[in-house]
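Peer 1: entry23.txt is reproduced in full below (compact mmCIF, C-alpha atoms).
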```
# COMPACT_ATOMS: atom_id res chain seq x y z
CA MET A 90 27.91 145.96 142.19
CA LYS A 91 30.43 148.68 141.25
CA PHE A 92 28.04 151.47 142.09
CA LEU A 93 27.18 150.26 145.58
CA ARG A 94 29.17 148.99 148.52
CA LEU A 95 26.46 147.32 150.52
CA LEU A 96 26.99 144.96 153.43
CA ILE A 97 24.27 143.07 155.25
CA PHE A 98 25.49 143.01 158.82
CA PHE A 99 22.93 140.88 160.53
CA PHE A 100 19.76 138.95 160.08
CA LEU A 101 18.17 138.51 163.49
CA ILE A 102 15.15 136.29 163.01
CA GLN A 103 12.30 135.34 160.74
CA PHE A 104 9.20 133.79 162.23
CA LYS A 105 7.45 131.02 160.39
CA THR A 106 4.35 131.53 158.28
CA TYR A 107 1.93 131.05 161.18
CA ALA A 108 2.15 134.78 161.96
CA LEU A 109 -1.27 136.41 161.96
CA ILE A 110 -0.49 138.82 159.12
CA GLU A 111 -1.77 137.68 155.74
CA VAL A 112 -1.35 139.57 152.47
CA ASP A 113 -3.55 138.38 149.60
CA ILE A 114 -1.39 138.77 146.49
CA THR A 115 -3.98 137.29 144.12
CA ARG A 116 -6.58 140.06 144.27
CA GLY A 117 -4.67 143.25 143.55
CA ASN A 118 -5.67 146.22 145.67
CA LEU A 119 -9.00 144.99 147.05
CA ASN A 120 -7.79 144.45 150.61
CA PRO A 121 -4.55 146.38 151.16
CA LEU A 122 -2.78 145.61 154.45
CA PRO A 123 -2.64 148.54 156.92
CA ILE A 124 1.04 149.10 157.66
CA ALA A 125 2.78 151.77 159.76
CA VAL A 126 6.17 152.97 158.51
CA SER A 127 7.79 154.93 161.33
CA SER A 128 10.45 157.51 160.50
CA LEU A 129 13.96 156.15 160.99
CA PHE A 130 15.52 158.10 163.88
CA SER A 131 19.14 159.25 163.95
CA GLU A 132 21.68 158.05 166.47
CA GLY A 133 25.31 158.86 167.21
CA LYS A 134 27.29 161.34 165.12
CA THR A 135 25.18 164.06 163.58
CA LEU A 136 23.99 163.55 160.02
CA SER A 137 23.59 167.25 159.33
CA GLU A 138 26.72 167.67 157.18
CA PHE A 139 25.82 164.64 155.06
CA GLU A 140 22.21 165.76 154.75
CA LYS A 141 23.41 169.17 153.59
CA THR A 142 25.58 167.50 150.94
CA LEU A 143 22.67 165.31 149.86
CA ASN A 144 20.29 168.29 149.84
CA ILE A 145 17.80 166.72 152.27
CA ASN A 146 16.67 167.71 155.76
CA ASN A 147 15.95 164.36 157.40
CA ILE A 148 17.45 161.27 155.80
CA GLY A 149 15.58 158.91 158.15
CA LEU A 150 12.25 160.43 157.19
CA GLU A 151 13.18 160.34 153.50
CA ILE A 152 14.10 156.63 153.63
CA SER A 153 10.81 155.81 155.36
CA THR A 154 8.97 157.80 152.66
CA VAL A 155 10.65 155.75 149.93
CA VAL A 156 9.48 152.57 151.69
CA GLU A 157 5.94 153.95 152.10
CA ASN A 158 5.66 154.92 148.45
CA ASN A 159 7.02 151.59 147.22
CA LEU A 160 4.62 149.55 149.31
CA LYS A 161 1.67 151.77 148.44
CA GLN A 162 2.26 151.53 144.69
CA THR A 163 1.83 147.74 144.81
CA GLY A 164 -1.81 148.11 145.80
CA LEU A 165 -1.23 145.44 148.44
CA PHE A 166 -0.41 147.80 151.34
CA ASN A 167 -2.02 150.86 152.90
CA PRO A 168 0.65 152.93 154.70
CA LEU A 169 -0.95 154.82 157.59
CA LYS A 170 -0.44 158.55 158.12
CA LYS A 171 2.40 159.37 160.49
CA ASP A 172 0.43 162.03 162.36
CA ALA A 173 -1.73 159.21 163.77
CA PHE A 174 1.25 157.45 165.37
CA LEU A 175 1.17 157.39 169.18
CA GLN A 176 4.75 156.26 169.86
CA GLU A 177 8.01 158.07 169.14
CA PRO A 178 10.25 156.41 166.48
CA GLU A 179 13.22 155.67 168.77
CA ILE A 180 11.02 154.09 171.46
CA ALA A 181 9.03 152.07 168.95
CA HIS A 182 12.24 150.71 167.44
CA LEU A 183 13.44 149.38 170.80
CA LYS A 184 10.11 147.95 171.93
CA PRO A 185 6.78 148.84 170.32
CA ARG A 186 3.68 149.25 172.47
CA PHE A 187 1.61 147.00 170.28
CA GLU A 188 -1.64 148.19 171.82
CA ASP A 189 -0.90 151.71 170.52
CA TRP A 190 -0.35 150.43 166.99
CA ASN A 191 -3.42 148.19 167.26
CA LEU A 192 -5.42 151.26 168.19
CA ILE A 193 -4.72 152.89 164.80
CA LYS A 194 -5.45 149.53 163.08
CA ALA A 195 -1.88 148.84 161.94
CA GLN A 196 -1.26 145.16 161.29
CA ALA A 197 2.45 145.54 160.51
CA LEU A 198 5.02 148.07 161.69
CA ILE A 199 8.40 149.12 160.30
CA THR A 200 10.88 150.90 162.57
CA GLY A 201 14.53 151.84 162.17
CA LYS A 202 17.47 154.10 162.82
CA VAL A 203 20.26 155.75 160.85
CA GLU A 204 23.76 156.74 161.90
CA ILE A 205 27.12 157.71 160.45
CA ILE A 206 30.02 155.36 161.16
CA GLU A 207 33.41 156.26 159.68
CA GLU A 208 31.91 158.39 156.93
CA ASN A 209 29.47 155.63 155.97
CA LEU A 210 25.73 155.49 156.42
CA ARG A 211 24.44 152.65 158.58
CA VAL A 212 20.72 151.90 158.39
CA GLU A 213 18.93 149.44 160.64
CA PHE A 214 15.29 148.42 160.37
CA ARG A 215 12.83 146.03 161.98
CA LEU A 216 9.54 144.61 160.81
CA TRP A 217 6.95 143.83 163.48
CA ASP A 218 3.77 141.77 163.41
CA VAL A 219 1.43 144.00 165.41
CA LEU A 220 -1.34 141.40 165.70
CA ALA A 221 0.99 138.72 167.06
CA GLY A 222 3.13 141.19 169.03
CA LYS A 223 6.35 139.77 167.52
CA GLU A 224 9.39 140.88 165.57
CA MET A 225 9.38 139.30 162.11
CA LEU A 226 12.59 140.58 160.55
CA ALA A 227 15.61 142.72 161.39
CA LEU A 228 18.44 143.82 159.10
CA ALA A 229 21.17 146.45 158.94
CA PHE A 230 22.98 147.92 155.94
CA THR A 231 26.13 149.99 155.58
CA THR A 232 26.79 152.01 152.44
CA VAL A 233 27.93 155.43 151.24
CA PRO A 234 25.42 158.18 152.14
CA LYS A 235 24.45 158.95 148.53
CA ASN A 236 22.92 155.47 148.25
CA TRP A 237 20.19 156.21 150.81
CA ARG A 238 17.42 155.81 148.23
CA ARG A 239 18.68 152.34 147.32
CA VAL A 240 18.60 151.38 150.98
CA GLY A 241 14.93 152.40 151.02
CA HIS A 242 14.29 150.18 148.00
CA ILE A 243 16.11 147.24 149.53
CA ILE A 244 14.16 147.59 152.79
CA SER A 245 10.97 147.62 150.70
CA ASP A 246 12.03 144.41 148.95
CA LYS A 247 12.78 142.65 152.25
CA VAL A 248 9.44 143.71 153.77
CA TYR A 249 7.52 142.79 150.62
CA GLU A 250 9.12 139.34 150.47
CA ARG A 251 8.53 138.65 154.18
CA LEU A 252 4.85 139.63 154.01
CA THR A 253 3.89 138.21 150.60
CA GLY A 254 6.20 135.23 150.19
CA GLU A 255 7.51 136.39 146.81
CA LYS A 256 10.53 138.48 145.81
CA GLY A 257 10.17 142.24 145.60
CA TYR A 258 10.97 144.45 142.60
CA PHE A 259 11.84 147.84 144.11
CA ASP A 260 15.65 147.80 143.93
CA THR A 261 15.50 147.84 140.13
CA ARG A 262 15.84 150.22 137.23
CA ILE A 263 13.88 150.82 134.04
CA ILE A 264 15.51 151.76 130.76
CA TYR A 265 13.34 153.44 128.15
CA VAL A 266 13.32 155.75 125.15
CA SER A 267 12.93 159.37 126.23
CA GLU A 268 10.94 161.33 123.64
CA GLU A 269 10.60 165.08 123.08
CA GLY A 270 9.27 167.28 120.30
CA PRO A 271 6.37 167.06 117.82
CA LYS A 272 5.14 163.62 116.80
CA ILE A 273 6.53 163.85 113.27
CA LYS A 274 9.96 164.97 114.48
CA ARG A 275 10.70 163.32 117.82
CA ILE A 276 14.09 163.50 119.50
CA LYS A 277 14.70 160.09 121.08
CA LYS A 278 17.35 159.31 123.70
CA LEU A 279 18.07 156.28 125.83
CA ALA A 280 17.25 157.04 129.46
CA ILE A 281 17.45 155.03 132.67
CA MET A 282 15.85 155.62 136.07
CA ASP A 283 15.00 153.89 139.31
CA GLN A 284 11.71 152.02 139.06
CA ASP A 285 9.96 154.83 140.97
CA GLY A 286 11.08 157.52 138.48
CA PHE A 287 14.03 158.99 140.42
CA ASN A 288 17.72 159.25 139.45
CA VAL A 289 17.11 159.76 135.73
CA LYS A 290 20.21 159.53 133.51
CA TYR A 291 20.43 159.97 129.74
CA LEU A 292 22.65 157.47 127.99
CA THR A 293 22.62 158.82 124.42
CA LEU A 294 22.59 162.36 123.01
CA GLY A 295 19.58 162.11 120.70
CA ASN A 296 21.61 162.49 117.50
CA GLU A 297 20.42 159.13 116.19
CA LEU A 298 17.10 157.33 116.44
CA VAL A 299 17.13 154.68 119.21
CA LEU A 300 14.63 151.86 119.71
CA THR A 301 13.86 148.81 121.88
CA PRO A 302 16.46 148.92 124.70
CA ARG A 303 16.56 145.62 126.61
CA PHE A 304 18.39 144.65 129.80
CA ASN A 305 20.73 141.72 130.13
CA PRO A 306 19.12 139.49 132.82
CA THR A 307 22.49 138.83 134.48
CA ASN A 308 24.12 142.29 134.65
CA GLN A 309 23.73 145.98 133.86
CA MET A 310 24.39 145.56 130.15
CA VAL A 311 21.83 146.78 127.61
CA THR A 312 21.22 145.98 123.97
CA TYR A 313 19.34 148.36 121.73
CA LEU A 314 18.72 149.31 118.13
CA SER A 315 20.02 152.58 116.71
CA TYR A 316 20.06 154.08 113.23
CA PHE A 317 23.54 155.12 112.14
CA ARG A 318 23.43 157.06 108.86
CA ASN A 319 19.89 155.70 108.43
CA LEU A 320 21.05 152.10 108.74
CA PRO A 321 19.94 149.95 111.71
CA ARG A 322 22.66 148.75 114.05
CA VAL A 323 22.48 146.63 117.18
CA TYR A 324 24.53 148.00 120.07
CA LEU A 325 25.71 146.79 123.46
CA LEU A 326 26.04 149.36 126.24
CA ASP A 327 27.60 148.85 129.67
CA ILE A 328 25.59 151.21 131.89
CA GLU A 329 28.22 151.36 134.63
CA THR A 330 31.23 152.16 132.42
CA GLY A 331 29.46 153.86 129.52
CA ILE A 332 31.39 151.66 127.08
CA GLN A 333 29.41 151.02 123.92
CA GLU A 334 30.09 148.63 121.05
CA VAL A 335 28.42 147.60 117.83
CA VAL A 336 27.28 143.99 117.88
CA GLY A 337 27.42 143.87 114.10
CA ASP A 338 26.19 145.34 110.85
CA PHE A 339 23.54 143.11 109.40
CA PRO A 340 22.02 143.01 105.92
CA GLY A 341 18.50 144.38 105.65
CA MET A 342 16.47 145.58 108.61
CA THR A 343 17.04 144.42 112.20
CA PHE A 344 14.33 144.32 114.84
CA ALA A 345 13.86 143.95 118.60
CA PRO A 346 17.15 142.49 119.94
CA ARG A 347 16.92 140.71 123.31
CA PHE A 348 19.36 138.79 125.50
CA SER A 349 19.16 135.10 126.26
CA PRO A 350 18.53 134.26 129.96
CA ASP A 351 22.25 133.62 130.57
CA GLY A 352 23.19 136.88 128.84
CA LYS A 353 25.54 135.12 126.41
CA LYS A 354 23.47 135.51 123.25
CA ILE A 355 21.29 138.08 121.55
CA ILE A 356 18.18 137.00 119.69
CA MET A 357 16.60 139.24 117.05
CA SER A 358 14.94 139.25 113.65
CA PHE A 359 16.48 140.27 110.32
CA ALA A 360 14.37 141.40 107.38
CA SER A 361 15.62 140.93 103.84
CA ASP A 362 13.76 140.92 100.51
CA GLY A 363 10.43 141.44 102.27
CA ASN A 364 10.91 138.49 104.59
CA SER A 365 11.89 138.39 108.25
CA ASP A 366 13.40 135.50 110.20
CA ILE A 367 14.80 135.02 113.69
CA TYR A 368 18.54 134.75 114.35
CA THR A 369 20.81 134.51 117.37
CA MET A 370 24.32 135.80 117.85
CA ASP A 371 26.83 134.40 120.33
CA LEU A 372 28.36 137.46 121.98
CA GLU A 373 31.69 135.77 122.66
CA ASN A 374 32.55 134.52 119.18
CA ARG A 375 29.95 136.57 117.19
CA VAL A 376 28.69 133.45 115.43
CA VAL A 377 25.24 134.04 113.92
CA GLU A 378 22.71 131.22 113.77
CA ARG A 379 19.44 131.25 111.86
CA ILE A 380 16.56 129.90 113.96
CA THR A 381 13.54 130.19 111.64
CA ASN A 382 13.39 129.80 107.86
CA HIS A 383 9.89 130.54 106.65
CA PRO A 384 8.41 132.74 103.90
CA SER A 385 6.30 134.57 106.50
CA ILE A 386 7.35 137.46 108.77
CA ASP A 387 8.78 136.13 112.07
CA THR A 388 9.76 138.75 114.66
CA SER A 389 9.74 139.84 118.34
CA PRO A 390 11.44 136.73 119.80
CA SER A 391 11.70 136.23 123.57
CA TYR A 392 13.33 133.35 125.46
CA SER A 393 11.73 131.37 128.25
CA PRO A 394 13.58 131.79 131.59
CA ASN A 395 15.26 128.39 131.24
CA GLY A 396 16.39 129.18 127.69
CA LYS A 397 14.77 126.07 126.24
CA TYR A 398 11.96 127.78 124.32
CA ILE A 399 11.31 130.94 122.33
CA CYS A 400 8.04 132.77 121.81
CA PHE A 401 7.64 135.06 118.80
CA ASN A 402 4.97 136.51 116.56
CA SER A 403 4.44 135.52 112.95
CA ASP A 404 1.92 135.96 110.16
CA ARG A 405 2.46 132.42 108.87
CA SER A 406 -1.21 131.64 109.60
CA GLY A 407 -2.29 134.57 107.43
CA TYR A 408 -2.33 137.22 110.15
CA GLN A 409 -0.16 138.04 113.14
CA GLN A 410 -0.28 135.48 115.97
CA ILE A 411 1.98 134.20 118.76
CA TYR A 412 4.01 131.02 118.37
CA VAL A 413 6.30 128.99 120.63
CA MET A 414 9.21 126.82 119.49
CA LYS A 415 12.23 125.09 120.94
CA SER A 416 15.35 127.24 121.12
CA ASP A 417 16.82 125.46 118.08
CA GLY A 418 13.79 126.42 115.97
CA SER A 419 12.08 123.03 116.01
CA ASN A 420 8.57 122.08 117.10
CA VAL A 421 6.87 125.37 116.19
CA LYS A 422 3.37 125.69 117.64
CA ARG A 423 0.80 128.46 117.38
CA ILE A 424 -0.61 129.33 120.81
CA SER A 425 -2.86 132.38 120.23
CA PHE A 426 -6.28 131.76 118.71
CA GLY A 427 -8.38 134.72 119.87
CA LYS A 428 -9.82 137.39 117.62
CA GLY A 429 -7.46 140.16 116.60
CA LEU A 430 -3.73 140.55 115.95
CA TYR A 431 -1.12 139.55 118.55
CA GLY A 432 2.37 140.98 118.94
CA THR A 433 5.36 141.79 121.20
CA PRO A 434 5.23 138.53 123.22
CA VAL A 435 7.54 138.37 126.24
CA TRP A 436 8.02 135.43 128.58
CA SER A 437 7.44 135.94 132.31
CA PRO A 438 10.48 135.53 134.62
CA ARG A 439 8.43 132.91 136.45
CA GLY A 440 8.09 130.93 133.24
CA ASP A 441 4.34 130.41 133.53
CA LEU A 442 2.92 133.24 131.39
CA ILE A 443 3.55 135.17 128.20
CA ALA A 444 2.57 138.86 128.04
CA PHE A 445 1.52 140.34 124.71
CA THR A 446 -0.02 143.26 122.85
CA LYS A 447 -3.32 142.66 121.04
CA LEU A 448 -5.08 144.78 118.42
CA HIS A 449 -8.82 144.13 118.05
CA LYS A 450 -11.53 146.39 116.63
CA GLY A 451 -9.30 149.44 116.68
CA LYS A 452 -8.21 149.10 120.31
CA PHE A 453 -4.92 147.95 121.79
CA TYR A 454 -4.80 145.59 124.75
CA ILE A 455 -2.04 144.39 127.08
CA GLY A 456 -2.73 140.82 128.14
CA VAL A 457 -1.25 137.57 129.39
CA MET A 458 -1.75 133.91 128.53
CA ARG A 459 -0.28 130.62 129.66
CA THR A 460 2.59 129.27 127.61
CA ASP A 461 0.25 126.85 125.80
CA GLY A 462 -2.09 129.73 124.89
CA SER A 463 -4.80 128.90 127.42
CA GLY A 464 -6.16 131.28 130.03
CA GLU A 465 -5.88 134.47 127.98
CA ARG A 466 -6.62 137.55 130.09
CA LEU A 467 -6.73 141.13 128.82
CA LEU A 468 -5.49 143.44 131.57
CA THR A 469 -5.97 146.90 130.04
CA GLU A 470 -7.23 148.54 126.85
CA ASN A 471 -6.59 151.92 125.23
CA PHE A 472 -6.23 153.86 121.99
CA TYR A 473 -2.62 152.71 121.52
CA GLN A 474 -0.34 150.81 123.89
CA GLU A 475 2.32 148.12 123.50
CA ALA A 476 5.73 146.73 124.50
CA PRO A 477 5.04 145.07 127.89
CA SER A 478 8.04 144.29 130.09
CA TRP A 479 7.95 142.19 133.27
CA SER A 480 9.13 143.16 136.73
CA PRO A 481 11.79 140.66 137.85
CA ASN A 482 9.32 138.85 140.14
CA GLY A 483 6.68 138.50 137.43
CA ARG A 484 4.11 140.47 139.42
CA VAL A 485 3.86 143.72 137.40
CA LEU A 486 4.01 144.75 133.75
CA VAL A 487 5.33 148.09 132.52
CA PHE A 488 4.36 149.27 129.02
CA TYR A 489 3.87 152.48 127.11
CA ARG A 490 0.68 154.21 126.00
CA GLU A 491 0.16 156.90 123.39
CA THR A 492 -2.62 159.47 123.05
CA LYS A 493 -3.97 160.51 119.68
CA THR A 494 -3.48 163.98 118.23
CA ASP A 495 -6.36 166.37 117.69
CA GLU A 496 -7.45 167.86 114.37
CA LYS A 497 -4.54 170.32 114.59
CA GLY A 498 -2.03 167.50 115.03
CA GLU A 499 -1.53 168.42 118.68
CA GLY A 500 -2.11 166.62 121.97
CA PHE A 501 0.12 163.62 121.28
CA SER A 502 1.96 162.07 124.22
CA ALA A 503 3.67 158.79 125.05
CA LYS A 504 3.90 157.72 128.70
CA LEU A 505 4.94 154.68 130.71
CA TRP A 506 2.26 152.80 132.64
CA SER A 507 2.26 149.74 134.87
CA ILE A 508 -0.41 147.26 135.85
CA ASP A 509 -0.57 144.37 138.27
CA LEU A 510 -0.77 140.84 136.93
CA THR A 511 -4.29 140.61 138.35
CA GLY A 512 -5.46 143.53 136.20
CA TYR A 513 -5.67 145.92 139.17
CA ASN A 514 -3.54 148.88 140.23
CA GLU A 515 -3.00 150.51 136.86
CA ARG A 516 -0.90 153.67 137.23
CA GLN A 517 1.31 156.02 135.26
CA VAL A 518 5.04 155.70 135.90
CA PRO A 519 6.53 159.21 136.33
CA THR A 520 9.04 160.33 133.69
CA LYS A 521 10.49 163.79 133.01
CA THR A 522 9.71 163.54 129.29
CA ASP A 523 7.49 161.42 127.10
CA ALA A 524 8.64 157.82 127.18
CA SER A 525 8.32 154.55 125.25
CA ASP A 526 9.84 151.05 124.89
CA PRO A 527 10.47 150.30 128.60
CA SER A 528 12.58 147.41 129.86
CA TRP A 529 12.78 146.38 133.52
CA SER A 530 16.10 145.31 135.04
CA SER A 531 16.70 142.39 137.34
CA LEU A 532 17.17 143.09 141.07
CA LEU A 533 20.32 145.13 141.60
CA SER A 534 20.95 143.67 145.05
CA ASN A 535 20.98 140.03 143.96
```
Go through the file and emit its structure as structure tokens.
Peer 2:
Amino acid sequence: MKFLRLLIFFFLIQFKTYALIEVDITRGNLNPLPIAVSSLFSEGKTLSEFEKTLNINNIGLEISTVVENNLKQTGLFNPLKKDAFLQEPEIAHLKPRFEDWNLIKAQALITGKVEIIEENLRVEFRLWDVLAGKEMLALAFTTVPKNWRRVGHIISDKVYERLTGEKGYFDTRIIYVSEEGPKIKRIKKLAIMDQDGFNVKYLTLGNELVLTPRFNPTNQMVTYLSYFRNLPRVYLLDIETGIQEVVGDFPGMTFAPRFSPDGKKIIMSFASDGNSDIYTMDLENRVVERITNHPSIDTSPSYSPNGKYICFNSDRSGYQQIYVMKSDGSNVKRISFGKGLYGTPVWSPRGDLIAFTKLHKGKFYIGVMRTDGSGERLLTENFYQEAPSWSPNGRVLVFYRETKTDEKGEGFSAKLWSIDLTGYNERQVPTKTDASDPSWSSLLSN
């Protein structure tokens, strides 16, 4: 990645799955694993000048706090308070006294150290199985000092993967629409942040209305919809370079552009003469292909991870439902049959589920179903919420939720929320402003 020079120096050992630690990832936050995250101690050349530049007092403590917060927000881990620790960080990193960590009921332990080597930050960490009295994982990273938060996220991903058996989602970013002002006159900008709400950057000025930003699954490119002189345009934006280009001017209205899994196409819907169909555009040669041709309204398309299928919503049955078809538009099948209206379907990165928004009896739900429509589960309900987006490991959904205004037209807000696939661990994602239309990036460190 252009924005990070990151080298993995060594990978000492991983023990097989017969270690005594077991994290149940199927039941949300019912039995979180007690884990001790020791502060990373400093070694060698002083870090004080770098810490002063970075405006922090203890970079090792700050990195460990990032790891703690990441693991805690999953609902699967219970980081223990540091004031209960009986062993100093530098001693624990060399050789933990497992009986001391057992005494405070820790089942896993993270230790580490930080140092400056030739103007670069080197961070080393170890993961220990306290119950088995064994080291499970050890890694070291070298990067520029300003990337210390990313190192914390990467450590979190490695620990999460080692203890749960599935990829993490912490070294990621979320792009969204930042909103400010009264409901009837909102200023909307594209904004991007780390998945935990830090490092916010604004990508547009707010001069034009922006909607539905979506990440390219293969790089840090974004597609979004913007109104230029009140006409909808689809844009591509390279987050790293800031270079922006218009994909094309299309007749009629354009809705909800998304990338194909390989990042080479954009799929979207065009509306003309009261009808909406789904089209794709090849980004290399700009060839447009019509995928559906039906008198109903077809919109909100989303590819399966292998690119072979597309889910979308349509009112061709008389009211809005979810359909699946092959990527060439053939073999269209309706998969939603519950009561209510279904919309904004999006395929899981794992390929096994489709998330959706549902409106029933005046309430909005975020739910998931299998790709054949079976096993529908409603995860959360509220006054108004929509636009689910998957974490790259398919474990968590982020979406946005609005509150209604009072009789004076006040009290409106739009905020980002996330919820675990199991329906547990619902929480608000911190943003500096109101926020809507989130999209989760792939792992940056892949």
Peer 1: Suppose you want the space between atom CA of A:Asn471 and atom CA of A:Phe426; what is it in Å?
Peer 2: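 Atom CA of A:Phe426 lies 21.2 Å from atom CA of A:Asn471.
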Peer 1: Please determine, counting all atoms listed in the file, which residue among A:Ala476, A:Ala173, A:Val518, A:Leu468 has the shortest atom-to-atom distance to A:Pro302.
Peer 2: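 Nearest to A:Pro302: A:Ala476.
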Peer 1: Nearest to A:Glu208: which of A:Glu138, A:Asp172, A:Asp351, A:Glu373 is it, counting only C-alpha atoms?
Peer 2: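 So, comparing all the options, the nearest one is A:Glu138.
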Peer 1: Please report the interatomic distance between atom CA of A:Gly254 and atom CA of A:Val435 in Å with one decimal.
Peer 2: 24.2 Å
Peer 1: Between atom CA of A:Gly149 and atom CA of A:Gly201, what is the distance, to one decimal in Å?
Peer 2: 8.2 Å
Peer 1: Counting all atoms listed in the file, select every polymer residue within 9 Å of (20.2, 159.3, 120.2) as defined in the file's coordinates, and provide the selection as a ChimeraX atom specification.
Peer 2: /A:276-279,292-299,315-316
Peer 1: Can you list, as a ChimeraX atom specification, every protein, DNA or RNA residue that comes within 7 Å of stretch 256-271 of chain A when you count all atoms listed in the file, leaving out same-chain residues fewer than 2 positions away?
Peer 2: /A:159,239,242-243,245-246,249-250,254,273-284,300,302,480-482,522-534
